[in-house]
Amino acid sequence: MKTFSDLNEFNSTVIEWEGKTLKTTQDPYPTDEGDQYTAPAIDAEGNEYILSWSVIDPEITDESSVCDWDNPVGITLVK
């Protein structure tokens with residue numbers, strides 16, 4: 001797994017949340033239901049999160065526009 005310092009806007013989805021920078025450790029992927037995308041993420045202290053985003057329009061085929069990547073609808077601290 002890449003470290004926090006290895007991740008950037010070119011290889012990760014980077015968001016600011018409650019004063020922390022969160023970076024995804026793998027590309028977001030659609031849930032089985034197809035109405036959200038989810039991805040694991042980490043912060044600078046090594047805490048792990050699960051981020052989720054709502055699909056804006058299921059007809060969109062361009063994944064760069066399928067969700068509002070700057071505004072996840074769910075952030076769960078895993079550990």
# chains A, B, ... in the order shown; residues from 1 in each chain; ligands from 1
call {"tool": "residues_around", "arguments": {"residues": "segment 56-58 of chain A", "least_positions_apart": "2", "cutoff": "12 Å", "atoms": "only C-alpha atoms", "output": "PyMOL selection string"}}
result
chain A and resi 30+33-37+53-54+60-69+71-73
call {"tool": "residues_around", "arguments": {"residues": "Lys20 of chain A", "least_positions_apart": "2", "cutoff": "10 Å", "atoms": "only C-alpha atoms", "output": "PDB file with N, CA, C and O atoms, in the first residue's frame"}}
result
ATOM      1  N   ILE A  15      -9.168  14.960  -0.573  1.00  0.00           N
ATOM      2  CA  ILE A  15     -10.201  15.865  -0.060  1.00  0.00           C
ATOM      3  C   ILE A  15      -9.775  16.419   1.294  1.00  0.00           C
ATOM      4  O   ILE A  15      -8.941  15.828   1.986  1.00  0.00           O
ATOM      5  N   GLU A  16     -10.354  17.548   1.650  1.00  0.00           N
ATOM      6  CA  GLU A  16     -10.177  18.133   2.979  1.00  0.00           C
ATOM      7  C   GLU A  16     -11.440  17.838   3.775  1.00  0.00           C
ATOM      8  O   GLU A  16     -12.556  18.036   3.274  1.00  0.00           O
ATOM      9  N   TRP A  17     -11.258  17.360   5.003  1.00  0.00           N
ATOM     10  CA  TRP A  17     -12.403  17.014   5.847  1.00  0.00           C
ATOM     11  C   TRP A  17     -12.048  17.266   7.303  1.00  0.00           C
ATOM     12  O   TRP A  17     -11.053  16.731   7.805  1.00  0.00           O
ATOM     13  N   GLU A  18     -12.811  18.105   7.966  1.00  0.00           N
ATOM     14  CA  GLU A  18     -12.617  18.432   9.375  1.00  0.00           C
ATOM     15  C   GLU A  18     -11.159  18.762   9.695  1.00  0.00           C
ATOM     16  O   GLU A  18     -10.583  18.287  10.666  1.00  0.00           O
ATOM     17  N   LEU A  22      -7.459  13.897   3.426  1.00  0.00           N
ATOM     18  CA  LEU A  22      -7.662  12.464   3.220  1.00  0.00           C
ATOM     19  C   LEU A  22      -7.315  12.146   1.771  1.00  0.00           C
ATOM     20  O   LEU A  22      -7.682  12.891   0.859  1.00  0.00           O
ATOM     21  N   LYS A  23      -6.595  11.031   1.589  1.00  0.00           N
ATOM     22  CA  LYS A  23      -6.191  10.608   0.248  1.00  0.00           C
ATOM     23  C   LYS A  23      -6.601   9.158   0.040  1.00  0.00           C
ATOM     24  O   LYS A  23      -6.316   8.308   0.892  1.00  0.00           O
ATOM     25  N   ILE A  42      -6.594   7.304   3.633  1.00  0.00           N
ATOM     26  CA  ILE A  42      -5.793   7.495   4.844  1.00  0.00           C
ATOM     27  C   ILE A  42      -5.567   8.986   5.067  1.00  0.00           C
ATOM     28  O   ILE A  42      -5.699   9.788   4.146  1.00  0.00           O
ATOM     29  N   ASP A  43      -5.217   9.331   6.324  1.00  0.00           N
ATOM     30  CA  ASP A  43      -4.794  10.695   6.628  1.00  0.00           C
ATOM     31  C   ASP A  43      -3.309  10.682   6.973  1.00  0.00           C
ATOM     32  O   ASP A  43      -2.664   9.619   6.963  1.00  0.00           O
ATOM     33  N   ALA A  44      -2.751  11.839   7.271  1.00  0.00           N
ATOM     34  CA  ALA A  44      -1.311  11.964   7.520  1.00  0.00           C
ATOM     35  C   ALA A  44      -0.852  11.170   8.740  1.00  0.00           C
ATOM     36  O   ALA A  44       0.311  10.781   8.826  1.00  0.00           O
ATOM     37  N   GLU A  45      -1.764  10.907   9.674  1.00  0.00           N
ATOM     38  CA  GLU A  45      -1.413  10.145  10.877  1.00  0.00           C
ATOM     39  C   GLU A  45      -1.541   8.638  10.667  1.00  0.00           C
ATOM     40  O   GLU A  45      -1.278   7.860  11.577  1.00  0.00           O
TER      41      GLU A  45
END
call {"tool": "closest_residue", "arguments": {"among": "A:Thr21, A:Thr13, A:Thr3, A:Gln26", "to": "Pro40 of chain A", "atoms": "only C-alpha atoms"}}
result
A:Gln26
call {"tool": "closest_residue", "arguments": {"among": "A:Val55, A:Val78, A:Val14, A:Ala41", "to": "Met1 of chain A", "atoms": "only C-alpha atoms"}}
result
A:Ala41
call {"tool": "select_by_dssp", "arguments": {"residues": "chain A", "states": "strand (DSSP E)", "output": "mmCIF file with all heavy atoms, in the first residue's frame"}}
result
data_model
loop_
_atom_site.group_PDB
_atom_site.id
_atom_site.type_symbol
_atom_site.label_atom_id
_atom_site.label_comp_id
_atom_site.auth_asym_id
_atom_site.auth_seq_id
_atom_site.Cartn_x
_atom_site.Cartn_y
_atom_site.Cartn_z
ATOM 1 N N VAL A 14 -8.076 13.398 -3.460
ATOM 2 C CA VAL A 14 -7.638 14.105 -2.262
ATOM 3 C C VAL A 14 -8.747 15.062 -1.844
ATOM 4 O O VAL A 14 -9.215 15.866 -2.655
ATOM 5 C CB VAL A 14 -6.333 14.882 -2.529
ATOM 6 C CG1 VAL A 14 -5.878 15.619 -1.280
ATOM 7 C CG2 VAL A 14 -5.235 13.943 -3.046
ATOM 8 N N ILE A 15 -9.168 14.960 -0.573
ATOM 9 C CA ILE A 15 -10.201 15.865 -0.060
ATOM 10 C C ILE A 15 -9.775 16.419 1.294
ATOM 11 O O ILE A 15 -8.941 15.828 1.986
ATOM 12 C CB ILE A 15 -11.579 15.174 0.070
ATOM 13 C CG1 ILE A 15 -11.529 14.069 1.126
ATOM 14 C CG2 ILE A 15 -12.073 14.634 -1.239
ATOM 15 C CD1 ILE A 15 -12.867 13.782 1.734
ATOM 16 N N GLU A 16 -10.354 17.548 1.650
ATOM 17 C CA GLU A 16 -10.177 18.133 2.979
ATOM 18 C C GLU A 16 -11.440 17.838 3.775
ATOM 19 O O GLU A 16 -12.556 18.036 3.274
ATOM 20 C CB GLU A 16 -9.968 19.646 2.877
ATOM 21 C CG GLU A 16 -8.692 20.042 2.158
ATOM 22 C CD GLU A 16 -7.428 19.605 2.883
ATOM 23 O OE1 GLU A 16 -7.397 19.635 4.137
ATOM 24 O OE2 GLU A 16 -6.469 19.227 2.189
ATOM 25 N N TRP A 17 -11.258 17.360 5.003
ATOM 26 C CA TRP A 17 -12.403 17.014 5.847
ATOM 27 C C TRP A 17 -12.048 17.266 7.303
ATOM 28 O O TRP A 17 -11.053 16.731 7.805
ATOM 29 C CB TRP A 17 -12.785 15.550 5.632
ATOM 30 C CG TRP A 17 -13.890 15.057 6.497
ATOM 31 C CD1 TRP A 17 -15.209 15.382 6.415
ATOM 32 C CD2 TRP A 17 -13.781 14.145 7.587
ATOM 33 N NE1 TRP A 17 -15.924 14.725 7.373
ATOM 34 C CE2 TRP A 17 -15.060 13.954 8.115
ATOM 35 C CE3 TRP A 17 -12.712 13.471 8.169
ATOM 36 C CZ2 TRP A 17 -15.315 13.124 9.201
ATOM 37 C CZ3 TRP A 17 -12.961 12.645 9.248
ATOM 38 C CH2 TRP A 17 -14.260 12.479 9.751
ATOM 39 N N LYS A 20 -8.498 17.873 8.117
ATOM 40 C CA LYS A 20 -7.545 16.838 7.719
ATOM 41 C C LYS A 20 -7.575 16.653 6.219
ATOM 42 O O LYS A 20 -8.607 16.828 5.586
ATOM 43 C CB LYS A 20 -7.900 15.495 8.365
ATOM 44 C CG LYS A 20 -7.807 15.474 9.854
ATOM 45 C CD LYS A 20 -8.134 14.105 10.390
ATOM 46 C CE LYS A 20 -8.049 14.144 11.903
ATOM 47 N NZ LYS A 20 -7.735 12.865 12.460
ATOM 48 N N THR A 21 -6.439 16.266 5.686
ATOM 49 C CA THR A 21 -6.371 15.881 4.284
ATOM 50 C C THR A 21 -6.509 14.369 4.219
ATOM 51 O O THR A 21 -5.777 13.650 4.906
ATOM 52 C CB THR A 21 -5.030 16.311 3.662
ATOM 53 O OG1 THR A 21 -4.918 17.738 3.750
ATOM 54 C CG2 THR A 21 -4.944 15.885 2.202
ATOM 55 N N LEU A 22 -7.459 13.897 3.426
ATOM 56 C CA LEU A 22 -7.662 12.464 3.220
ATOM 57 C C LEU A 22 -7.315 12.146 1.771
ATOM 58 O O LEU A 22 -7.682 12.891 0.859
ATOM 59 C CB LEU A 22 -9.111 12.065 3.496
ATOM 60 C CG LEU A 22 -9.676 12.418 4.868
ATOM 61 C CD1 LEU A 22 -11.119 11.944 4.977
ATOM 62 C CD2 LEU A 22 -8.835 11.834 5.985
ATOM 63 N N LYS A 23 -6.595 11.031 1.589
ATOM 64 C CA LYS A 23 -6.191 10.608 0.248
ATOM 65 C C LYS A 23 -6.601 9.158 0.040
ATOM 66 O O LYS A 23 -6.316 8.308 0.892
ATOM 67 C CB LYS A 23 -4.674 10.733 0.085
ATOM 68 C CG LYS A 23 -4.166 12.154 0.267
ATOM 69 C CD LYS A 23 -2.661 12.213 0.147
ATOM 70 C CE LYS A 23 -2.118 13.615 0.335
ATOM 71 N NZ LYS A 23 -0.648 13.661 0.163
ATOM 72 N N THR A 24 -7.265 8.883 -1.082
ATOM 73 C CA THR A 24 -7.669 7.508 -1.358
ATOM 74 C C THR A 24 -6.446 6.658 -1.695
ATOM 75 O O THR A 24 -5.511 7.124 -2.339
ATOM 76 C CB THR A 24 -8.686 7.430 -2.512
ATOM 77 O OG1 THR A 24 -8.111 7.994 -3.682
ATOM 78 C CG2 THR A 24 -9.984 8.135 -2.157
ATOM 79 N N TYR A 29 -14.615 2.858 -6.582
ATOM 80 C CA TYR A 29 -15.298 1.853 -7.390
ATOM 81 C C TYR A 29 -16.782 1.857 -7.042
ATOM 82 O O TYR A 29 -17.164 2.201 -5.920
ATOM 83 C CB TYR A 29 -14.680 0.466 -7.166
ATOM 84 C CG TYR A 29 -14.579 0.085 -5.712
ATOM 85 C CD1 TYR A 29 -15.611 -0.593 -5.070
ATOM 86 C CD2 TYR A 29 -13.455 0.428 -4.961
ATOM 87 C CE1 TYR A 29 -15.530 -0.926 -3.726
ATOM 88 C CE2 TYR A 29 -13.365 0.101 -3.622
ATOM 89 C CZ TYR A 29 -14.403 -0.577 -3.010
ATOM 90 O OH TYR A 29 -14.314 -0.889 -1.669
ATOM 91 N N PRO A 30 -17.637 1.479 -8.000
ATOM 92 C CA PRO A 30 -19.073 1.505 -7.743
ATOM 93 C C PRO A 30 -19.483 0.402 -6.765
ATOM 94 O O PRO A 30 -18.912 -0.687 -6.756
ATOM 95 C CB PRO A 30 -19.701 1.283 -9.112
ATOM 96 C CG PRO A 30 -18.634 0.680 -9.958
ATOM 97 C CD PRO A 30 -17.323 1.077 -9.368
ATOM 98 N N GLN A 36 -23.638 4.504 -5.613
ATOM 99 C CA GLN A 36 -22.529 5.173 -4.946
ATOM 100 C C GLN A 36 -21.204 4.585 -5.408
ATOM 101 O O GLN A 36 -21.153 3.470 -5.935
ATOM 102 C CB GLN A 36 -22.616 5.020 -3.422
ATOM 103 C CG GLN A 36 -23.718 5.784 -2.766
ATOM 104 C CD GLN A 36 -23.597 5.763 -1.247
ATOM 105 O OE1 GLN A 36 -22.922 4.924 -0.663
ATOM 106 N NE2 GLN A 36 -24.251 6.706 -0.606
ATOM 107 N N TYR A 37 -20.156 5.369 -5.178
ATOM 108 C CA TYR A 37 -18.780 4.899 -5.334
ATOM 109 C C TYR A 37 -18.151 4.927 -3.951
ATOM 110 O O TYR A 37 -18.540 5.735 -3.098
ATOM 111 C CB TYR A 37 -17.988 5.805 -6.272
ATOM 112 C CG TYR A 37 -18.144 5.469 -7.728
ATOM 113 C CD1 TYR A 37 -19.369 5.611 -8.374
ATOM 114 C CD2 TYR A 37 -17.069 5.007 -8.467
ATOM 115 C CE1 TYR A 37 -19.512 5.307 -9.715
ATOM 116 C CE2 TYR A 37 -17.200 4.690 -9.815
ATOM 117 C CZ TYR A 37 -18.421 4.846 -10.425
ATOM 118 O OH TYR A 37 -18.564 4.526 -11.752
ATOM 119 N N THR A 38 -17.183 4.075 -3.716
ATOM 120 C CA THR A 38 -16.517 4.014 -2.428
ATOM 121 C C THR A 38 -15.032 3.751 -2.631
ATOM 122 O O THR A 38 -14.632 3.217 -3.678
ATOM 123 C CB THR A 38 -17.172 2.931 -1.539
ATOM 124 O OG1 THR A 38 -16.635 3.007 -0.227
ATOM 125 C CG2 THR A 38 -16.995 1.549 -2.090
ATOM 126 N N ALA A 39 -14.225 4.143 -1.642
ATOM 127 C CA ALA A 39 -12.780 3.909 -1.718
ATOM 128 C C ALA A 39 -12.177 4.021 -0.328
ATOM 129 O O ALA A 39 -12.634 4.838 0.486
ATOM 130 C CB ALA A 39 -12.115 4.913 -2.647
ATOM 131 N N PRO A 40 -11.149 3.224 -0.048
ATOM 132 C CA PRO A 40 -10.417 3.393 1.201
ATOM 133 C C PRO A 40 -9.513 4.618 1.107
ATOM 134 O O PRO A 40 -9.067 5.000 0.010
ATOM 135 C CB PRO A 40 -9.595 2.104 1.313
ATOM 136 C CG PRO A 40 -9.449 1.614 -0.088
ATOM 137 C CD PRO A 40 -10.658 2.094 -0.837
ATOM 138 N N ALA A 41 -9.260 5.240 2.263
ATOM 139 C CA ALA A 41 -8.417 6.439 2.297
ATOM 140 C C ALA A 41 -7.620 6.460 3.599
ATOM 141 O O ALA A 41 -7.941 5.728 4.548
ATOM 142 C CB ALA A 41 -9.282 7.690 2.187
ATOM 143 N N ILE A 42 -6.594 7.304 3.633
ATOM 144 C CA ILE A 42 -5.793 7.495 4.844
ATOM 145 C C ILE A 42 -5.567 8.986 5.067
ATOM 146 O O ILE A 42 -5.699 9.788 4.146
ATOM 147 C CB ILE A 42 -4.428 6.770 4.762
ATOM 148 C CG1 ILE A 42 -3.616 7.228 3.542
ATOM 149 C CG2 ILE A 42 -4.609 5.264 4.767
ATOM 150 C CD1 ILE A 42 -2.203 6.660 3.480
ATOM 151 N N GLU A 48 -7.235 5.132 8.953
ATOM 152 C CA GLU A 48 -7.875 4.607 7.752
ATOM 153 C C GLU A 48 -9.352 4.972 7.729
ATOM 154 O O GLU A 48 -10.016 4.947 8.763
ATOM 155 C CB GLU A 48 -7.702 3.090 7.694
ATOM 156 C CG GLU A 48 -6.256 2.667 7.602
ATOM 157 C CD GLU A 48 -6.071 1.162 7.611
ATOM 158 O OE1 GLU A 48 -7.057 0.422 7.412
ATOM 159 O OE2 GLU A 48 -4.934 0.721 7.824
ATOM 160 N N TYR A 49 -9.852 5.268 6.544
ATOM 161 C CA TYR A 49 -11.231 5.695 6.335
ATOM 162 C C TYR A 49 -11.828 4.960 5.144
ATOM 163 O O TYR A 49 -11.107 4.437 4.298
ATOM 164 C CB TYR A 49 -11.294 7.200 6.021
ATOM 165 C CG TYR A 49 -10.743 8.086 7.100
ATOM 166 C CD1 TYR A 49 -9.370 8.326 7.202
ATOM 167 C CD2 TYR A 49 -11.576 8.708 8.014
ATOM 168 C CE1 TYR A 49 -8.855 9.148 8.194
ATOM 169 C CE2 TYR A 49 -11.075 9.531 9.010
ATOM 170 C CZ TYR A 49 -9.711 9.746 9.096
ATOM 171 O OH TYR A 49 -9.203 10.554 10.076
ATOM 172 N N ILE A 50 -13.147 4.984 5.085
ATOM 173 C CA ILE A 50 -13.883 4.588 3.884
ATOM 174 C C ILE A 50 -14.668 5.824 3.450
ATOM 175 O O ILE A 50 -15.422 6.404 4.239
ATOM 176 C CB ILE A 50 -14.861 3.414 4.148
ATOM 177 C CG1 ILE A 50 -14.108 2.174 4.598
ATOM 178 C CG2 ILE A 50 -15.704 3.138 2.906
ATOM 179 C CD1 ILE A 50 -13.209 1.552 3.556
ATOM 180 N N LEU A 51 -14.458 6.230 2.209
ATOM 181 C CA LEU A 51 -15.166 7.378 1.647
ATOM 182 C C LEU A 51 -16.228 6.880 0.683
ATOM 183 O O LEU A 51 -16.031 5.887 -0.009
ATOM 184 C CB LEU A 51 -14.196 8.288 0.885
ATOM 185 C CG LEU A 51 -12.943 8.758 1.618
ATOM 186 C CD1 LEU A 51 -12.125 9.666 0.707
ATOM 187 C CD2 LEU A 51 -13.281 9.456 2.899
ATOM 188 N N SER A 52 -17.371 7.575 0.623
ATOM 189 C CA SER A 52 -18.413 7.247 -0.345
ATOM 190 C C SER A 52 -18.961 8.511 -0.985
ATOM 191 O O SER A 52 -19.039 9.550 -0.352
ATOM 192 C CB SER A 52 -19.580 6.485 0.256
ATOM 193 O OG SER A 52 -19.518 6.268 1.564
ATOM 194 N N TRP A 53 -19.297 8.358 -2.254
ATOM 195 C CA TRP A 53 -19.843 9.447 -3.055
ATOM 196 C C TRP A 53 -21.121 8.969 -3.733
ATOM 197 O O TRP A 53 -21.201 7.839 -4.196
ATOM 198 C CB TRP A 53 -18.871 9.858 -4.166
ATOM 199 C CG TRP A 53 -17.574 10.406 -3.710
ATOM 200 C CD1 TRP A 53 -17.239 11.722 -3.536
ATOM 201 C CD2 TRP A 53 -16.391 9.669 -3.382
ATOM 202 N NE1 TRP A 53 -15.949 11.838 -3.123
ATOM 203 C CE2 TRP A 53 -15.394 10.582 -3.016
ATOM 204 C CE3 TRP A 53 -16.070 8.306 -3.342
ATOM 205 C CZ2 TRP A 53 -14.121 10.203 -2.632
ATOM 206 C CZ3 TRP A 53 -14.798 7.925 -2.961
ATOM 207 C CH2 TRP A 53 -13.838 8.875 -2.612
ATOM 208 N N SER A 54 -22.109 9.848 -3.840
ATOM 209 C CA SER A 54 -23.343 9.528 -4.565
ATOM 210 C C SER A 54 -23.124 9.735 -6.059
ATOM 211 O O SER A 54 -22.451 10.683 -6.479
ATOM 212 C CB SER A 54 -24.494 10.435 -4.119
ATOM 213 O OG SER A 54 -24.907 10.082 -2.832
ATOM 214 N N GLY A 74 -20.276 10.322 2.552
ATOM 215 C CA GLY A 74 -19.999 9.549 3.759
ATOM 216 C C GLY A 74 -18.513 9.382 3.973
ATOM 217 O O GLY A 74 -17.763 9.137 3.029
ATOM 218 N N ILE A 75 -18.092 9.573 5.226
ATOM 219 C CA ILE A 75 -16.709 9.355 5.619
ATOM 220 C C ILE A 75 -16.747 8.571 6.921
ATOM 221 O O ILE A 75 -17.298 9.048 7.911
ATOM 222 C CB ILE A 75 -15.940 10.665 5.801
ATOM 223 C CG1 ILE A 75 -15.913 11.454 4.485
ATOM 224 C CG2 ILE A 75 -14.529 10.406 6.330
ATOM 225 C CD1 ILE A 75 -15.316 12.832 4.584
ATOM 226 N N THR A 76 -16.188 7.358 6.902
ATOM 227 C CA THR A 76 -16.202 6.503 8.080
ATOM 228 C C THR A 76 -14.774 6.220 8.510
ATOM 229 O O THR A 76 -13.972 5.740 7.705
ATOM 230 C CB THR A 76 -16.919 5.166 7.767
ATOM 231 O OG1 THR A 76 -18.223 5.462 7.274
ATOM 232 C CG2 THR A 76 -17.000 4.287 9.000
ATOM 233 N N LEU A 77 -14.455 6.527 9.766
ATOM 234 C CA LEU A 77 -13.149 6.189 10.320
ATOM 235 C C LEU A 77 -13.136 4.708 10.617
ATOM 236 O O LEU A 77 -13.998 4.187 11.331
ATOM 237 C CB LEU A 77 -12.897 6.982 11.612
ATOM 238 C CG LEU A 77 -11.625 6.657 12.369
ATOM 239 C CD1 LEU A 77 -10.387 6.969 11.538
ATOM 240 C CD2 LEU A 77 -11.603 7.416 13.683
#
call {"tool": "atom_distance", "arguments": {"atom1": "atom CA of Glu59 of chain A", "atom2": "atom CA of Phe10 of chain A"}}
result
25.6 Å
